[in-house]
Amino acid sequence: MIDKLLSNDKASLSKVSNLVVNIQNNIQNNGGKGLLIVIDELGKFLEYSARHESDDIFLLQILAEATYDNNILLFVLLHQSFEQYGKNLNTKLKNEWAKIQGRYEVLSFVETVTQSLHIMGRVFQNKLNETQLKPIQITIKNAVKTLQKNNLLPISLDTETAQNLFENCYPLHPVTALLLPTLCQKVAQNERTLFNYLGGSEPFSLTKKLDELTAGEFILPADIFDYFLTGQILTNDLQVQRTVVEANSAIERFSTSNTKEINLLKTIGLLNIISKIPASTTLLKLCDGLFEENILNLEKQSIVYYRKFNNEYRVWQGSDFDINAELAHQEAQLCVLNVADKLNETSVFLPFVAKKYSIEKHSLFYFEPFFINISKYKQQDKQAVNPRIIFCLSDTPKDEKIFKTKVVQHFSQQDICVLLSNSEQIKQVVRNQTALEYIKVHNPVVQQDPVVQREIRIYSANVERETTNELNKIVENPINCHWYQHNQVQKGINNKRDIQKLLSRTLEDIYYQTPVVKNELINRNNPSAQANAGRKKLLIALLNNSDKQDLGIEKYPAEKSMYKAILENSGMHRKIGSGWKITPPKKDANYLEVWKRIEKFFNDAKEQAQNFSTLDEVLTLPPFGVKKPVLPIFYIAVYLFYKDEIAVYEDRFYVPYFTTEHLERFLKRPDTFTFQQFKIEGITQSFLQEYEKSLLDGKSAPSAPKLFQAMAMFIKDIPPYTKQTKDISDVAQKVRDAFKNNKSPQDLLFRKLPEVCGFDKSNAEGFGGVIKQSLQEIKNAYEKMIESQIEVLAEKLSVNKEEKAQVKTKLVEYGNSLKHYVINKKITTFIFNIAQEYGGVDDYFARLFTFVMNKTPKEWSDTDSAASMKLLSENSNLVVNLYAVHIQNKRLSFEDEQIKNEIQVLLKEASNKEEIMGELIRGIDKRVIGNLLEQAQNE
């Protein structure tokens with residue numbers, strides 16, 4: 001199978017995968033347990049794939065996937081980490097490589113420096129006597145002390161072990177021994193290259209160097225530079241390659257015949273390449289006894305330069321820009337920098353989450369980090385929305401006393417105050433960082449010189465690291481700081497766990513009435529869109545289905561979990577008797593405290609309507625600490641429980657019924673809604689009794705808001721005609737107009753309406769009768785106007801005005817009799833409309849009156865009503881006269897030709913045929929008139 005596959009010029013990835021699976025199946029079918037595949041030197045293939053961006057890399061993915069459901073084990077061996085081979089790829093390909101790497105488990109076999117030292121120590125054997133060994137041991141001992149003091153020894157090495165290891169590694173200098181393992185990882189093939197150097201015979205290898213050494217001399221870092229860094233570099237790390245080139249270029253540029261100076265330059269270049277160990281003054285002195293002298297010429301020729309900020313020498317990369325001088329200049333300009341403000345602006349700390357308390361309360365509770373200068377503590381707010389950890393920076397030794405006596409008393413009990421022990425160090429690194437930021441943005445040299453830009457980036461990374469280290473000391477070693485809460489020193493703050501205990505303890509003290517809401521969807525400061533949608537559905541169900549189990553929510557959507565967590569578990573919605581109702585919480589004391597606080601809000605809103613913005617602040621702050629997205633659920637629940645006593649306003653206008661549309665707007669703009677509780681006492685009670693006596697036949701009103709709702713809906717539903725007519729009494733007009741632009745039901749019921757009816761606060765007796773009569777007038781105004789219109793018709797038709805049906809019947813009869821006659825368009829259309837008898841009596845007249853004025857009677861004004869009465873009178877009068885002519889038409893004969901001709905002439909010449917007909921009816925023989933009328937109509 002393999003030969004067949006290889007015979008093709010190009011085998012597809014799928015064929016390779018199928019081949020591997022088939023081989024594994026064959027192995028199992030023949031009694032084997034599986035297939036083991038080992039790919040050695042995979043790095044060669046990865047390097048090729050990275051350089052040529054081929055698709056061969058996906059073979060690793062195909063092979064990995066083939067192992068999932070088959071007994072196949074796949075091992076690949078690399079000298080470097082997988083991602084290191086693709087370091088120079090573009091972002092898209094790097095992501096693809098990362099996906100492939102994710103299918104493999106990484107087993108690292110990289111030896112540590114300590115392990116490598118143990119191995120190297122067994123390579124060397126020496127036959128030196130004690131006299132020869134003693135100066136070597138002294139040199140190594142001094143080197144170990146220096147390395148230990150500067151934290152350059154591996155953590156696992158103590159001083160004694162390091163001394164023994166370095167003695168075993170002689171003639172390697174201790175610094176050389178430390179550098180070799182890391183250097184082999186950076187630029188070569190780990191241990192393979194290391195032992196090639198130690199035991200090989202290539203130029204510059206250890207064995208070649210040994211021939212040149214005398215007892216007591218060491219292999220220094222400069223000696224290994226030539227072996228590792230002057231030939232081909234076995235790495236694809238562009239940064240390492242660049243640094244090697246810079247080091248070799250510097251050596252070529254250096255004009256000197258002094259071998260010691262060249263060796264010092266090689267040492268600095270080597271340390272720059274390794275980068276983990278800085279080329280500090282202390283380290284370089286270990287490698288060069290004449291360091292102070294040799295470094296002068298290197299600096300003079302600008303071959304190397306000194307980084308003051310991290311005590312490191314670097315190979316010069318081709319720029320005359322003096323970063324240290326520029327930094328010193330900018331730091332001098334920043335002497336008045338407010339370090340605390342700078343730290344707050346850059347948000348150096350994330351909020352400190354109180355983990356234990358957050359878990360217990362099923363919500364995120366945290367402290368905001370906040371830096372201040374002790375000298376300016378009075379300028380800070382005493383309390384913020386969220387609890388704070390206030391980190392105090394001192395300027396003088398006196399600040400500690402000010403902190404303990406004044407600062408800790410200035411801030412609220414929800415804040416924790418911390419006096420920092422490393423204030424000066426923090427201020428210094430922040431000034432450095434700020435100076436670098438300014439140089440990067442404003443210095444033209446930095447903008448144009450890529451070498452300087454790279455150097456600035458390195459400086460910035462180091463300063464940022466130093467800043468982070470100094471700030472981390474606060475939480476890593478809190479024992480060095482002074483911690484205070486509520487004016488009391490907090491002892492025993494020794495580590496991060498102690499800080500967490502302090503945070504939770506503080507929150508327990510200040511948020512002692514926080515309800516536990518076991519729903520992470522909504523119990524947070526910024527819920528997701530899904531959570532907000534669920535909350536809206538929950539509130540709609542609460543508004544419309546509070547009498548149903550689970551509010552009528554079926555299955556288990558997001559809103560159901562919120563209902564269970566907040567309303568059901570607390571007892572705010574429960575079964576009472578045979579039905580489900582909203583009630584005050586029964587199962588959780590803290591829920592009840594929140595409920596009572598909302599009740600107090602409504603009780604305080606008796607004199608003037610208020611919105612929930614002030615209550616939001618109260619309930620989100622101590623002692624409640626309710627998350628803001630949860631509050632609308634509490635608000636609506638309490639409102640619905642007391643809805644018969646509470647008036648709702650939107651944009652200062654009363655809302656008789658709080659509907660789903662109002663709820664949706666309330667969730668978007670709660671600030672536009674206000675609430676007011678009715679206050680019934682004293683004279684107000686007297687007026688309420690008058691309303692009950694006159695409007696409810698003495699029965700008690702269910703509530704003042706209910707009474708107002710009924711009256712408001714009554715006024716809202718009256719026709720537009722009634723809302724503007726003056727054909728009612730002055731008192732009725734004032735009562736009606738009092739409802740316009742009303743902003744307070746209580747003010748309307750118990751002040752405005754009594755005033756317009758002629759009553760004041762001192763006497764309410766008789767008010768009920770007046771208001772009842774006025775409302776009756778308003779109610780009947782439209783019907784009264786319609787009746788006046790019908791009365792005009794009844795009078796012309798000689799019918800009793802009370803008999804509306806008879807008026808309709810008479811009009812229909814006349815219309816049907818005359819609809820074949822054509823007098824003019826207007827009168828003909830009128831006749832046509834009165835002939836349409838379909839519909840009830842009221843619909844018939846509404847339709848007729850709409851025709852007369854070309855708009856529905858409900859939309860009429862008083863002027864429209866008067867105009868309609870005039871038109872009805874004229875048209876009905878003509879209809880009656882024409883009907884009289886029609887009745888006589890059947891008995892007429894033409895006996896008088898002369899009269900006939902005269903009438904025809906008059907009919908043709910007259911512009912108002914209706915008036916002439918009236919005169920003719922009274923003065924000429926009716927028989928002749930009937931025939932002539934019929935003939936005129938035909939013409």
# chains A, B, ... in the order shown; residues from 1 in each chain; ligands from 1

$ closest_atom_pairs --of "stretch 546-593 of chain A" --to "stretch 608-632 of chain A" --cutoff "10 Å" --atoms "only C-alpha atoms" --output "JSON lines"
{"residue": "A:Met562", "atom": "CA", "partner": "A:Val630", "partner_atom": "CA", "distance": 9.5}
{"residue": "A:Ile566", "atom": "CA", "partner": "A:Val630", "partner_atom": "CA", "distance": 8.8}
{"residue": "A:Asn590", "atom": "CA", "partner": "A:Phe624", "partner_atom": "CA", "distance": 8.1}
{"residue": "A:Tyr591", "atom": "CA", "partner": "A:Phe624", "partner_atom": "CA", "distance": 9.5}
{"residue": "A:Glu593", "atom": "CA", "partner": "A:Phe624", "partner_atom": "CA", "distance": 8.4}

$ residues_around --residues "A:Lys356" --least-positions-apart "4" --cutoff "9 Å" --atoms "only C-alpha atoms" --output "MDAnalysis selection string"
chainID A and resid 360:361 500:501 503:504

$ closest_residue --among "A:Glu554, A:Asp449, A:Asp226, A:Glu41" --to "A:Gly269" --atoms "only C-alpha atoms"
A:Asp226

$ select_by_dssp --residues "stretch 76-198 of chain A" --states "alpha helix (DSSP H)" --output "ChimeraX atom specification"
/A:82-85,91-101,113-121,130-149,159-168,174-187,191-198

$ atom_distance --atom1 "atom CA of A:Asn480" --atom2 "atom CA of A:Val348"
19.7 Å

$ atom_distance --atom1 "atom CA of A:Ile72" --atom2 "atom CA of A:Ile23"
10.0 Å
